[in-house]
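Here's the structure we're looking at; comments come further down.
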Amino acid sequence: MTDPLRLGIAGLGTVGVGVIKIIQQRANLLAARTGRPVQIVAVSARSKDKDRGVDISGYDWEDDPVAMAKRNDIDVFVELMGGEDGPAKAATEAAIATGKDVVTANKAMLAIHGQALAEAAEEAGRVIRFEAAVAGGIPVVKALTEGLAGNQVSRVLGVMNGTCNYILTRMQSAGLSYDEVFEEANQLGYLEADPNLDVGGIDAGHKLALLSSIAFGTQVDFDGVALEGIGQVTIEDINQAAELGFRIKLLGVARMTGRGLEQRMTPCLVPADSPLGQLEGGTNMVVLEGDAVGQIVMRGAGAGEGPTASAVMGDVMDIARGFRLSTFGQAAAGLEKANRAAVAAAAPYYLRLTLADKPGALAKVASVLSDCGISIDRMRQRSHGGTDAPVLIVTHKVAAPNLKAAVDALPTTDVVIGQPVALRIEDL
Ligand code: HSE
């Protein structure tokens, strides 16, 4: 048996503890699969004495993750601290500069600094692997970089934040408001320390930007992701969309168009009977489309001790086996800057309006839509008891600027009450 692969682990939260458990419980299996022992040499976290339910007494303790990253008795720096800057980035840079490979679960750091870190790693002859940063236990980074490497990828889409999917599906199943389910998710400990990372779409946007880079051979471009969170999604829209045969999801979509790279993380409608439409609770789903393979659907836990540790270990095992892959699937120095598409591709939209219940109201709405070049696919006016009439419209495909023009113009008529709600319907 050859030399052990020696790890230093920074961050002993849920994921770090999960990694330690796998290594402690499955030493023989890991060695059999890689041909060498996988050993933890040192660990680092905020508090040494906290009871984490695992025995760390056999590992050296380091208060400072940067110092640990520089140790000359580790081969791989496992970064599980999180945070886009600060100690995570400093320690990752120190690890690369002192000749270590890096395995990280840190989507924020890579979404912002991924290009610079990947270039530094390449120059130093080291690798950075980040399977655990995207969709928890789903091996989507490996699928894109390895299994689908022969494809021209046309689209990457999916639900990449379990907390948002929990909130949206729970609103529907329990008939609760956004605020009520947000509080429930908070009590259950589902939300990040900064909840806006989840409900503002930022966490999922980081993940999408990382997948885009691999899929389209562009430099990771988080600022190019059009972001909109789920805070404005109402139970009324969830119910109305359901009546029309749709579900509302915080959906990430990345595709290379003739107009440039389009990246969106926004609430969208998807068909209720599609795999994405049927995704319940805190689960993630990533759909990959390639010219040779067609469509692949991957579903699994997007967070949690076991699933995320599983992804970290997949990367550790690759390094132990001597498999060395560029961070984003090709040489970082050769990645082009993403040319951003100025507007999203045309799509059908769901429109919800409240109309004054008087003669000619629908005619005025139809006239605004017609003026904006929007064709109606379906329309429904539900029964109502008052003087307002709730109206649902599904449009044919329309360009985003035309849709915006209509949404701006509708409230200026004397028949539309309040602000219309418009949500994109994603083709699946
Ligand atoms: N907070 C994320 C989620 C997990 O709810 O999916 C970490 O990215």
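Letters A, B, ... go to the chains of the structure tokens in the order shown; residues in each chain start at 1; ligands are counted from 1 in the same order.
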Which residues form the shell of 6 Å around ligand 1 when you count only C-alpha atoms and all ligand atoms, given as a ChimeraX atom specification?
/A:161-163,192,198,203,302-303
Which residues are close to stretch 76-93 of chain A, i.e. within 6 Å by only C-alpha atoms, leaving aside same-chain residues fewer than 5 positions away? Reply as a VMD selection string.
chain A and resid 7 to 11 65 to 66 69 100 to 106 108 to 109
Please report, as a ChimeraX atom specification, each residue of stretch 79-253 of chain A to which DSSP assigns strand (DSSP E or B) when run on this structure's backbone.
/A:79,101-104,128-129,153-159,218,226-227,246-253
Using N, CA and C atoms, can you export the residues from the last selection as a compact mmCIF listing (two decimals), in the first residue's frame?
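Result file part.txt:
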# COMPACT_ATOMS: atom_id res chain seq x y z
N GLU A 79 -11.64 22.62 3.05
CA GLU A 79 -12.18 23.90 3.54
C GLU A 79 -13.69 23.78 3.69
N ASP A 101 -3.50 20.41 -2.43
CA ASP A 101 -4.76 20.40 -3.16
C ASP A 101 -5.85 20.87 -2.20
N VAL A 102 -6.94 21.33 -2.77
CA VAL A 102 -8.03 21.88 -1.94
C VAL A 102 -9.35 21.21 -2.31
N VAL A 103 -10.09 20.80 -1.29
CA VAL A 103 -11.47 20.35 -1.47
C VAL A 103 -12.34 21.29 -0.65
N THR A 104 -13.36 21.87 -1.27
CA THR A 104 -14.16 22.86 -0.57
C THR A 104 -15.65 22.68 -0.86
N ILE A 128 -8.33 22.24 -7.25
CA ILE A 128 -9.42 22.64 -6.33
C ILE A 128 -10.65 21.86 -6.78
N ARG A 129 -11.24 21.10 -5.89
CA ARG A 129 -12.47 20.37 -6.22
C ARG A 129 -13.61 20.88 -5.34
N VAL A 153 -23.17 21.34 -24.12
CA VAL A 153 -24.30 21.50 -23.20
C VAL A 153 -25.19 22.64 -23.69
N SER A 154 -26.49 22.40 -23.75
CA SER A 154 -27.39 23.45 -24.21
C SER A 154 -28.06 24.18 -23.06
N ARG A 155 -28.31 23.47 -21.97
CA ARG A 155 -29.00 24.14 -20.85
C ARG A 155 -28.73 23.40 -19.55
N VAL A 156 -28.58 24.17 -18.49
CA VAL A 156 -28.48 23.61 -17.14
C VAL A 156 -29.59 24.28 -16.35
N LEU A 157 -30.43 23.51 -15.70
CA LEU A 157 -31.47 24.15 -14.91
C LEU A 157 -31.76 23.33 -13.67
N GLY A 158 -32.43 23.96 -12.73
CA GLY A 158 -32.79 23.16 -11.56
C GLY A 158 -33.17 23.97 -10.35
N VAL A 159 -33.58 23.20 -9.36
CA VAL A 159 -33.88 23.73 -8.03
C VAL A 159 -32.66 23.44 -7.18
N THR A 218 -16.93 29.17 -19.67
CA THR A 218 -16.75 30.60 -19.42
C THR A 218 -16.26 30.82 -17.99
N ALA A 226 -29.16 36.87 -13.22
CA ALA A 226 -30.34 37.69 -12.87
C ALA A 226 -31.01 37.02 -11.67
N LEU A 227 -31.01 37.73 -10.54
CA LEU A 227 -31.47 37.13 -9.28
C LEU A 227 -32.79 37.72 -8.83
N PHE A 246 -49.61 24.16 -12.98
CA PHE A 246 -48.20 24.51 -12.80
C PHE A 246 -47.83 24.50 -11.31
N ARG A 247 -46.52 24.48 -11.06
CA ARG A 247 -45.97 24.70 -9.72
C ARG A 247 -45.01 25.88 -9.82
N ILE A 248 -44.88 26.63 -8.73
CA ILE A 248 -43.90 27.74 -8.71
C ILE A 248 -42.63 27.24 -8.02
N LYS A 249 -41.51 27.42 -8.68
CA LYS A 249 -40.21 26.99 -8.14
C LYS A 249 -39.22 28.14 -8.22
N LEU A 250 -38.27 28.20 -7.28
CA LEU A 250 -37.13 29.08 -7.49
C LEU A 250 -36.21 28.31 -8.44
N LEU A 251 -36.24 28.70 -9.70
CA LEU A 251 -35.61 27.90 -10.74
C LEU A 251 -34.37 28.60 -11.28
N GLY A 252 -33.28 27.87 -11.31
CA GLY A 252 -32.07 28.36 -11.95
C GLY A 252 -32.02 27.87 -13.38
N VAL A 253 -31.70 28.76 -14.29
CA VAL A 253 -31.56 28.36 -15.69
C VAL A 253 -30.31 29.04 -16.26
Residues near A:Ala97, cut-off 9 Å, only C-alpha atoms, skip fewer than 2 positions along chain, as a ChimeraX atom specification:
/A:70,92-95,99-100,120-121,124
Closest-contact table, stretch 49-167 of chain A side, partner stretch 21-38 of chain A, 10 Å, counting only C-alpha atoms, as CSV:
residue,atom,partner,partner_atom,distance
A:Gly53,CA,A:Lys21,CA,9.4
A:Val54,CA,A:Lys21,CA,7.1
A:Asp55,CA,A:Lys21,CA,9.1
Would you export the selected residues with N, CA, C and O atoms as a short mmCIF file (atom, residue, chain, number, x, y, z; two decimals), in the first residue's frame, please?
data_model
loop_
_atom_site.label_atom_id
_atom_site.label_comp_id
_atom_site.auth_asym_id
_atom_site.auth_seq_id
_atom_site.Cartn_x
_atom_site.Cartn_y
_atom_site.Cartn_z
N GLY A 53 -19.81 15.13 18.98
CA GLY A 53 -20.27 13.76 18.79
C GLY A 53 -19.28 12.90 18.03
O GLY A 53 -19.62 11.77 17.66
N VAL A 54 -18.09 13.41 17.76
CA VAL A 54 -17.03 12.58 17.16
C VAL A 54 -15.74 12.81 17.95
O VAL A 54 -15.54 13.89 18.53
N ASP A 55 -14.89 11.82 17.94
CA ASP A 55 -13.63 11.91 18.68
C ASP A 55 -12.57 12.56 17.79
O ASP A 55 -12.19 11.98 16.77
#
Extract, using only C-alpha atoms, all DNA, RNA and protein residues at most 9 Å from A:Val141, discarding same-chain residues fewer than 4 positions from it, and format them as a list of chain:residue names.
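Residues near the query, excluding close chain neighbours: A:Phe130, A:Glu131, A:Ala132, A:Val134, A:Thr145, A:Glu146, A:Leu210, A:Leu211, A:Ile214, A:Phe328.
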Once you have the residues from the selection above, write them out as a compact mmCIF listing (two decimals), in the first residue's frame, restricted to C-alpha atoms.
# COMPACT_ATOMS: atom_id res chain seq x y z
CA PHE A 130 -15.92 21.58 -5.13
CA GLU A 131 -18.58 18.91 -5.60
CA ALA A 132 -20.09 19.71 -2.20
CA VAL A 134 -23.41 22.58 -5.59
CA THR A 145 -17.03 17.70 -15.97
CA GLU A 146 -16.63 13.97 -16.55
CA LEU A 210 -20.41 27.49 -10.92
CA LEU A 211 -22.29 25.00 -13.10
CA ILE A 214 -18.24 24.16 -16.44
CA PHE A 328 -13.94 24.11 -14.03
Please list as a list in words every residue within 12 Å of A:Leu428, counting only C-alpha atoms and excluding residues in the same chain fewer than 5 positions away.
Arg155, Val156, Leu157, Gly158, Phe246, Leu251, Val253, Cys268, Leu269, Val270, Pro271, Ala272, Asp273, Ser274, Pro275, Leu276, Gly277, Val287, Leu288, Glu289, Gln295, Ile296, Val297 and Ala347 of chain A
For stretch 164-240 of chain A against stretch 256-262 of chain A, with a cut-off of 12 Å and counting only C-alpha atoms, what is the closest atom pair and its distance in Å to one decimal for every residue that makes the cut, ordered by chain and number, as a tab-separated table?
residue	atom	partner	partner_atom	distance
A:Leu208	CA	A:Glu262	CA	11.0
A:Ala209	CA	A:Glu262	CA	10.4
A:Ser212	CA	A:Leu261	CA	8.7
A:Ser213	CA	A:Leu261	CA	10.2
A:Ala215	CA	A:Met256	CA	9.2
A:Phe216	CA	A:Met256	CA	7.0
A:Gly217	CA	A:Met256	CA	10.3
A:Thr218	CA	A:Leu261	CA	8.9
A:Gln219	CA	A:Leu261	CA	11.1
A:Val220	CA	A:Leu261	CA	11.2
A:Asp221	CA	A:Leu261	CA	9.8
A:Phe222	CA	A:Glu262	CA	11.4
A:Asp223	CA	A:Glu262	CA	11.6
A:Gly224	CA	A:Glu262	CA	8.0
A:Val225	CA	A:Glu262	CA	7.6
A:Ala226	CA	A:Glu262	CA	8.5
A:Leu227	CA	A:Glu262	CA	11.7
Nearest to A:Ala332, chosen from A:Glu119, A:Glu184, A:Asp388, A:Asp414, with only C-alpha atoms counted in the distances:
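With only C-alpha atoms as the atom set, the closest residue is A:Glu119.
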Filtered DSSP result for stretch 116-188 of chain A, state alpha helix (DSSP H), as an MDAnalysis selection string:
chainID A and resid 116:124 140:142 162:174 178:187
State, in Å with one decimal place, the distance from atom CA of A:Asp318 to atom CA of A:Ala133.
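Atom CA of A:Ala133 lies 16.1 Å from atom CA of A:Asp318.
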Nearest to A:Ala356 by atom-to-atom distance, counting only C-alpha atoms, from A:Val368, A:Ile238, A:Val391, A:Ile202:
A:Val391
Coordinates-based distance that separates atom CA of A:Thr14 from atom CA of A:Ala193 (Å, one decimal)
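Rounded to one decimal, the two atoms are 13.9 Å apart.
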Identify which of the residues A:Leu117, A:Ala254, A:Leu12, A:Leu144 lies closest to A:Ser47, counting only C-alpha atoms when measuring atom-to-atom distances.
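The closest residue to A:Ser47 is A:Leu12.
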Counting only C-alpha atoms, which residue out of A:Ala45, A:Ala185, A:Leu362, A:Ile374 sits closest to A:Arg170?
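Checking each candidate against A:Arg170, we get A:Ala185 as the closest.
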From the set A:Met68, A:Thr395, A:Ile40, A:Leu410, which residue has the shortest atom-to-atom contact distance to A:Ile56, counting only C-alpha atoms?
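Of A:Met68, A:Thr395, A:Ile40, A:Leu410, the one nearest A:Ile56, counting only C-alpha atoms, is A:Ile40.
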Test item: residues at most 10 Å from A:Ile138, only C-alpha atoms, excluding those fewer than 3 positions along its chain, as a VMD selection string
chain A and resid 131 to 132 134 to 135 141 to 143 284 to 286 298 to 303 307 to 308 310 to 311
Writing out the chosen residues with N, CA, C and O atoms as a compact mmCIF listing (two decimals), in the first residue's frame:
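Output below, filename again23.txt:
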# COMPACT_ATOMS: atom_id res chain seq x y z
N GLU A 131 -17.29 19.60 -5.40
CA GLU A 131 -18.58 18.91 -5.60
C GLU A 131 -19.60 19.31 -4.53
O GLU A 131 -20.79 19.48 -4.83
N ALA A 132 -19.15 19.45 -3.29
CA ALA A 132 -20.09 19.71 -2.20
C ALA A 132 -20.66 21.12 -2.23
O ALA A 132 -21.60 21.44 -1.50
N VAL A 134 -22.22 22.48 -4.73
CA VAL A 134 -23.41 22.58 -5.59
C VAL A 134 -24.34 21.40 -5.36
O VAL A 134 -23.97 20.25 -5.57
N ALA A 135 -25.54 21.72 -4.88
CA ALA A 135 -26.61 20.71 -4.75
C ALA A 135 -26.21 19.54 -3.85
O ALA A 135 -26.56 18.38 -4.11
N VAL A 141 -21.36 18.15 -10.36
CA VAL A 141 -20.10 18.68 -10.89
C VAL A 141 -19.36 17.58 -11.63
O VAL A 141 -18.87 17.76 -12.75
N LYS A 142 -19.35 16.40 -11.03
CA LYS A 142 -18.71 15.26 -11.71
C LYS A 142 -19.46 14.91 -12.98
O LYS A 142 -18.85 14.58 -14.01
N ALA A 143 -20.78 14.95 -12.94
CA ALA A 143 -21.56 14.60 -14.13
C ALA A 143 -21.20 15.54 -15.28
O ALA A 143 -20.96 15.09 -16.41
N ASN A 284 -33.23 18.85 -3.81
CA ASN A 284 -32.70 19.57 -4.98
C ASN A 284 -32.90 18.71 -6.22
O ASN A 284 -32.98 17.49 -6.14
N MET A 285 -32.96 19.38 -7.38
CA MET A 285 -32.98 18.66 -8.65
C MET A 285 -32.21 19.48 -9.68
O MET A 285 -32.42 20.69 -9.79
N VAL A 286 -31.32 18.82 -10.40
CA VAL A 286 -30.60 19.50 -11.47
C VAL A 286 -30.86 18.75 -12.77
O VAL A 286 -30.78 17.52 -12.82
N MET A 298 -31.18 14.78 -12.24
CA MET A 298 -30.53 14.29 -11.03
C MET A 298 -31.25 14.88 -9.83
O MET A 298 -31.44 16.10 -9.75
N ARG A 299 -31.60 14.02 -8.90
CA ARG A 299 -32.40 14.46 -7.75
C ARG A 299 -31.79 13.94 -6.46
O ARG A 299 -31.32 12.80 -6.43
N GLY A 300 -31.77 14.74 -5.41
CA GLY A 300 -31.24 14.25 -4.15
C GLY A 300 -31.18 15.35 -3.12
O GLY A 300 -31.62 16.47 -3.35
N ALA A 301 -30.62 14.99 -1.96
CA ALA A 301 -30.54 15.93 -0.85
C ALA A 301 -29.52 17.03 -1.18
O ALA A 301 -28.40 16.73 -1.58
N GLY A 302 -29.94 18.28 -1.01
CA GLY A 302 -29.07 19.39 -1.34
C GLY A 302 -28.28 19.92 -0.16
O GLY A 302 -27.49 20.85 -0.31
N ALA A 303 -28.49 19.34 1.00
CA ALA A 303 -27.80 19.82 2.20
C ALA A 303 -27.81 18.70 3.23
O ALA A 303 -28.38 17.63 3.00
N PRO A 307 -25.25 13.83 3.07
CA PRO A 307 -25.15 14.14 1.64
C PRO A 307 -23.96 15.05 1.31
O PRO A 307 -23.25 14.83 0.33
N THR A 308 -23.74 16.08 2.12
CA THR A 308 -22.67 17.01 1.78
C THR A 308 -21.30 16.37 2.05
O THR A 308 -20.36 16.54 1.27
N SER A 310 -20.73 13.24 1.79
CA SER A 310 -20.57 12.29 0.68
C SER A 310 -19.90 12.98 -0.52
O SER A 310 -18.99 12.42 -1.14
N ALA A 311 -20.34 14.21 -0.81
CA ALA A 311 -19.76 14.94 -1.95
C ALA A 311 -18.31 15.33 -1.67
O ALA A 311 -17.44 15.22 -2.55
Which is closest to A:Arg6 among A:Ile319, A:Phe182, A:Thr266, A:Gly189, if we use only C-alpha atoms?
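When distances to A:Arg6 are compared using only C-alpha atoms, the smallest one comes from A:Ile319.
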